[in-house]
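Visitor: So that we are looking at the same thing, I have put the structure below in structure tokens.
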Number of protein chains: 2
Amino acid sequence: MALSPLPPPALREVRALCFDVFGTVVDWYGSIAAEVQRRGLPVDGGEFALAWRAGYAPAMQQVRSGELPWTNIDGLHRRILDGLLAERGVPLDDEDAADLNRAWHRLQPWPDSVAGLVQLKRHVTIATLSNGNLSLLVAMAKNGRLPWDAVLSAELFGHYKPDREVYLGAARLLGLPPQEVMMVACHPADLRAAAACGLRTAYVPRPLENGPGGAMQACSDGVFDVVAADFVDLAAQWDAVRAAR
Amino acid sequence: MALSPLPPPALREVRALCFDVFGTVVDWYGSIAAEVQRRGLPVDGGEFALAWRAGYAPAMQQVRSGELPWTNIDGLHRRILDGLLAERGVPLDDEDAADLNRAWHRLQPWPDSVAGLVQLKRHVTIATLSNGNLSLLVAMAKNGRLPWDAVLSAELFGHYKPDREVYLGAARLLGLPPQEVMMVACHPADLRAAAACGLRTAYVPRPLENGPGGAMQACSDGVFDVVAADFVDLAAQWDAVRAAR
């Protein structure tokens, strides 16, 4: 019988997990595509979801560079949406556009998300650490029954990830040194930025993030403290650490 | 059969409840007194709890006036504790003092708190809005099973209640106009400050806040939007509003 490998030592010190949300906890592609289809808009739901999401990083860069004043994600999503609707000649009145924009408040969790979080919450503090604004994250948690101990957002720090202020601000608010906080994400760049601030890292690939045909971001082995197949696997690794104590 | 009075109209607009915590949700007097007794310190637990709490408002005033730089409640509690221990000649090493200071992270909810919050959470967003720091509030919620949707703290705004920045900052983060947010507290001054910012108010008296012989703060009728005997009663009033819709 092969012996199980010892649990990663980094896990033993960790007292709080901070989760990236869009893509890592919830399926933005499937949720947005379904909502666009359901409304019968004259566009392809999947293509529209990808285009909307593609506007996200450039919009945050406009805030980072000072080209735009601080604008929360609801505001950035709406700017991008208005552009896409105009580009595609889709007429939508203000109320319908505002409601469609709130589709981001209603994104569905991946099938393992709630079960894994419930299990992890028994042992450790679980918090969001998302570029999404706080009210968006709170609405999403109520809608999807995500059992966060704390809802932390880039909005609290006036900076978007991957700016250092977000990772270090989260550790400060949680009252912990960075090495006792672990960032959980499906995006290697988010994890690398967290690691550069001294946080621990857990990589949870989400191969369907960009839809059935979508490419995953490349990631080499051995770069992160933990790699887990999903949140239930992450919780199982956590239980192994506790059993080994 | 007497007809039930109509539910207060203010409740119909409210989409989020912000709760004061020390005294309103948890019993600081009983929890601190019990912890001091349990440790066998040569002081009266109840008297010590009252003296510790009595240092709280003056310490926040030192921050407000600029006499102290921003210091979170863990820090202020520790300053007050060190003074009390010195005054009473109680020797306590740094580790024991730090652990005693964290007694404020372990305050026990009132008997109705969890049941009422669980019921309210079904209909409305429930958040803390406390001068306690975020990590204190998160630890307390995990320990006492308080099911907050969001943990909001004065710390996020760099101001202590009753400064306006705290009430208006909470409404902003929740994405709501002030009149759709209701402050819930057992302290009339906290509610009056919230009302001055346009928030709705619910007064929940906690006659035992200062211990069995303690005086309650005076409060006249008709000043607040809602008066409830406890959180279960507040939830029942909420259910009546929903039924009347």
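Numbering starts fresh at 1 for the residues of each chain in the structure tokens, the chains themselves are lettered A, B, ... in the order given, and ligands are numbered from 1 as they appear.
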Can you tell me which residues surround Ile126 of chain A at a distance of at most 7 Å, considering only C-alpha atoms, apart from same-chain residues fewer than 2 positions away, and format the answer as a PyMOL selection string?

Guide: chain A and resi 16-18+121+124+148-150

Visitor: Return as a Markdown table the residues of chain B lying at most 8 Å from chain A, together with the closest atom-to-atom pair for each and the distance in Å to one decimal, counting only C-alpha atoms, with rows in chain order and ascending residue number.

Guide:
| residue | atom | partner | partner_atom | distance |
| --- | --- | --- | --- | --- |
| B:Asn133 | CA | A:Leu173 | CA | 7.8 |
| B:Leu134 | CA | A:Leu173 | CA | 6.0 |
| B:Ser135 | CA | A:Leu174 | CA | 4.8 |
| B:Val138 | CA | A:Asp149 | CA | 6.3 |
| B:Ala141 | CA | A:Asp149 | CA | 7.7 |
| B:Lys142 | CA | A:Asp149 | CA | 7.3 |
| B:Trp148 | CA | A:Asp149 | CA | 7.7 |
| B:Asp149 | CA | A:Val138 | CA | 6.3 |
| B:Ala150 | CA | A:Val151 | CA | 5.9 |
| B:Val151 | CA | A:Ala150 | CA | 5.9 |
| B:Leu156 | CA | A:Leu156 | CA | 6.9 |
| B:Leu173 | CA | A:Leu134 | CA | 6.0 |
| B:Leu174 | CA | A:Ser135 | CA | 4.8 |
| B:Gly175 | CA | A:Ser135 | CA | 5.7 |

Visitor: Please list as a ChimeraX atom specification every residue within 9 Å of His187 of chain A, counting only C-alpha atoms and excluding residues in the same chain fewer than 5 positions away.

Guide: /A:20,23-24,192,203-206,216-217,219

Visitor: Those same residues - N, CA and C atoms - I'd like them written as an mmCIF file, in the first residue's frame.

Guide:
data_model
loop_
_atom_site.group_PDB
_atom_site.id
_atom_site.type_symbol
_atom_site.label_atom_id
_atom_site.label_comp_id
_atom_site.auth_asym_id
_atom_site.auth_seq_id
_atom_site.Cartn_x
_atom_site.Cartn_y
_atom_site.Cartn_z
ATOM 1 N N ASP A 20 -10.596 34.274 -4.440
ATOM 2 C CA ASP A 20 -11.035 34.951 -5.647
ATOM 3 C C ASP A 20 -12.446 34.428 -5.940
ATOM 4 N N GLY A 23 -15.084 33.119 -11.434
ATOM 5 C CA GLY A 23 -14.329 32.034 -12.050
ATOM 6 C C GLY A 23 -13.894 30.997 -11.032
ATOM 7 N N THR A 24 -13.432 31.440 -9.872
ATOM 8 C CA THR A 24 -12.945 30.494 -8.860
ATOM 9 C C THR A 24 -14.096 29.899 -8.059
ATOM 10 N N ARG A 192 0.223 34.642 -7.953
ATOM 11 C CA ARG A 192 1.604 35.138 -7.943
ATOM 12 C C ARG A 192 1.689 36.482 -7.230
ATOM 13 N N TYR A 203 -3.985 26.794 -5.682
ATOM 14 C CA TYR A 203 -4.434 26.879 -7.078
ATOM 15 C C TYR A 203 -5.525 25.836 -7.296
ATOM 16 N N VAL A 204 -6.693 26.315 -7.710
ATOM 17 C CA VAL A 204 -7.809 25.422 -8.010
ATOM 18 C C VAL A 204 -8.203 25.677 -9.462
ATOM 19 N N PRO A 205 -7.723 24.845 -10.403
ATOM 20 C CA PRO A 205 -8.041 25.091 -11.810
ATOM 21 C C PRO A 205 -9.547 24.985 -12.054
ATOM 22 N N ARG A 206 -10.042 25.825 -12.911
ATOM 23 C CA ARG A 206 -11.458 25.762 -13.316
ATOM 24 C C ARG A 206 -11.484 25.691 -14.832
ATOM 25 N N MET A 216 -7.521 27.408 -20.762
ATOM 26 C CA MET A 216 -7.121 27.736 -19.398
ATOM 27 C C MET A 216 -5.812 28.498 -19.437
ATOM 28 N N GLN A 217 -5.592 29.313 -18.400
ATOM 29 C CA GLN A 217 -4.296 29.976 -18.297
ATOM 30 C C GLN A 217 -3.236 28.938 -17.921
ATOM 31 N N CYS A 219 -0.051 27.055 -16.348
ATOM 32 C CA CYS A 219 0.479 27.069 -14.986
ATOM 33 C C CYS A 219 1.445 25.906 -14.812
#

Visitor: Any idea what the distance is between atom CA of Tyr167 of chain B and atom CA of Leu129 of chain B?

Guide: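 Between these atoms lies a distance of 8.0 Å.
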
Visitor: With a distance cut-off of 8 Å and only C-alpha atoms, select the neighbouring residues of segment 51-56 of chain A, excluding the residue or stretch itself and same-chain residues fewer than 2 positions from it, and output the selection as a PDB file with C-alpha atoms, in the first residue's frame.

Guide:
ATOM      1  CA  GLU A  47     -19.993  35.087 -27.114  1.00  0.00           C
ATOM      2  CA  PHE A  48     -21.637  37.992 -25.276  1.00  0.00           C
ATOM      3  CA  ALA A  49     -20.448  36.668 -21.894  1.00  0.00           C
ATOM      4  CA  PRO A  58      -8.933  46.974 -19.435  1.00  0.00           C
ATOM      5  CA  ALA A  59     -11.599  48.829 -17.414  1.00  0.00           C
ATOM      6  CA  MET A  60      -9.749  48.170 -14.149  1.00  0.00           C
ATOM      7  CA  LEU A  76     -17.387  49.171 -14.793  1.00  0.00           C
ATOM      8  CA  HIS A  77     -19.677  46.290 -15.830  1.00  0.00           C
ATOM      9  CA  ILE A  80     -18.757  47.762 -20.747  1.00  0.00           C
ATOM     10  CA  LEU A  81     -22.349  46.563 -21.213  1.00  0.00           C
ATOM     11  CA  LEU A  84     -21.421  46.160 -26.209  1.00  0.00           C
TER      12      LEU A  84
END

Visitor: Quick one: distance from atom CA of Pro212 of chain B to atom CA of Leu234 of chain B in Å, one decimal?

Guide: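 For atom CA of Pro212 of chain B relative to atom CA of Leu234 of chain B, the distance reads 23.6 Å.
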
Visitor: Please extract the residues of segment 54-217 of chain B with a backbone DSSP assignment of alpha helix (DSSP H) and present them as JSON, numbers by chain.

Guide: {"B": [54, 56, 57, 58, 59, 60, 61, 62, 63, 64, 73, 74, 75, 76, 77, 78, 79, 80, 81, 82, 83, 84, 85, 86, 87, 94, 95, 96, 97, 98, 99, 100, 101, 113, 114, 115, 116, 117, 118, 119, 120, 121, 134, 135, 136, 137, 138, 139, 140, 141, 142, 143, 144, 164, 165, 166, 167, 168, 169, 170, 171, 172, 173, 174, 188, 189, 190, 191, 192, 193, 194, 195, 196]}

Visitor: As a list of chain:residue names, please: the residues near segment 96-112 of chain B (cut-off 7 Å, only C-alpha atoms, same-chain neighbours under 3 positions excluded).

Guide: B:Val25, B:Val26, B:Asp27, B:Trp28, B:Ser31, B:Ile32, B:His77, B:Arg78, B:Leu92, B:Asp93, B:Ala115, B:Gly116, B:Leu136, B:Leu137, B:Ala139, B:Met140, B:Asn143, B:Gly144, B:Asp230, B:Phe231, B:Val232

Visitor: Give me, as a PyMOL selection string, the residues of segment 41-144 of chain B that a backbone DSSP run labels strand (DSSP E).

Guide: chain B and resi 125-130
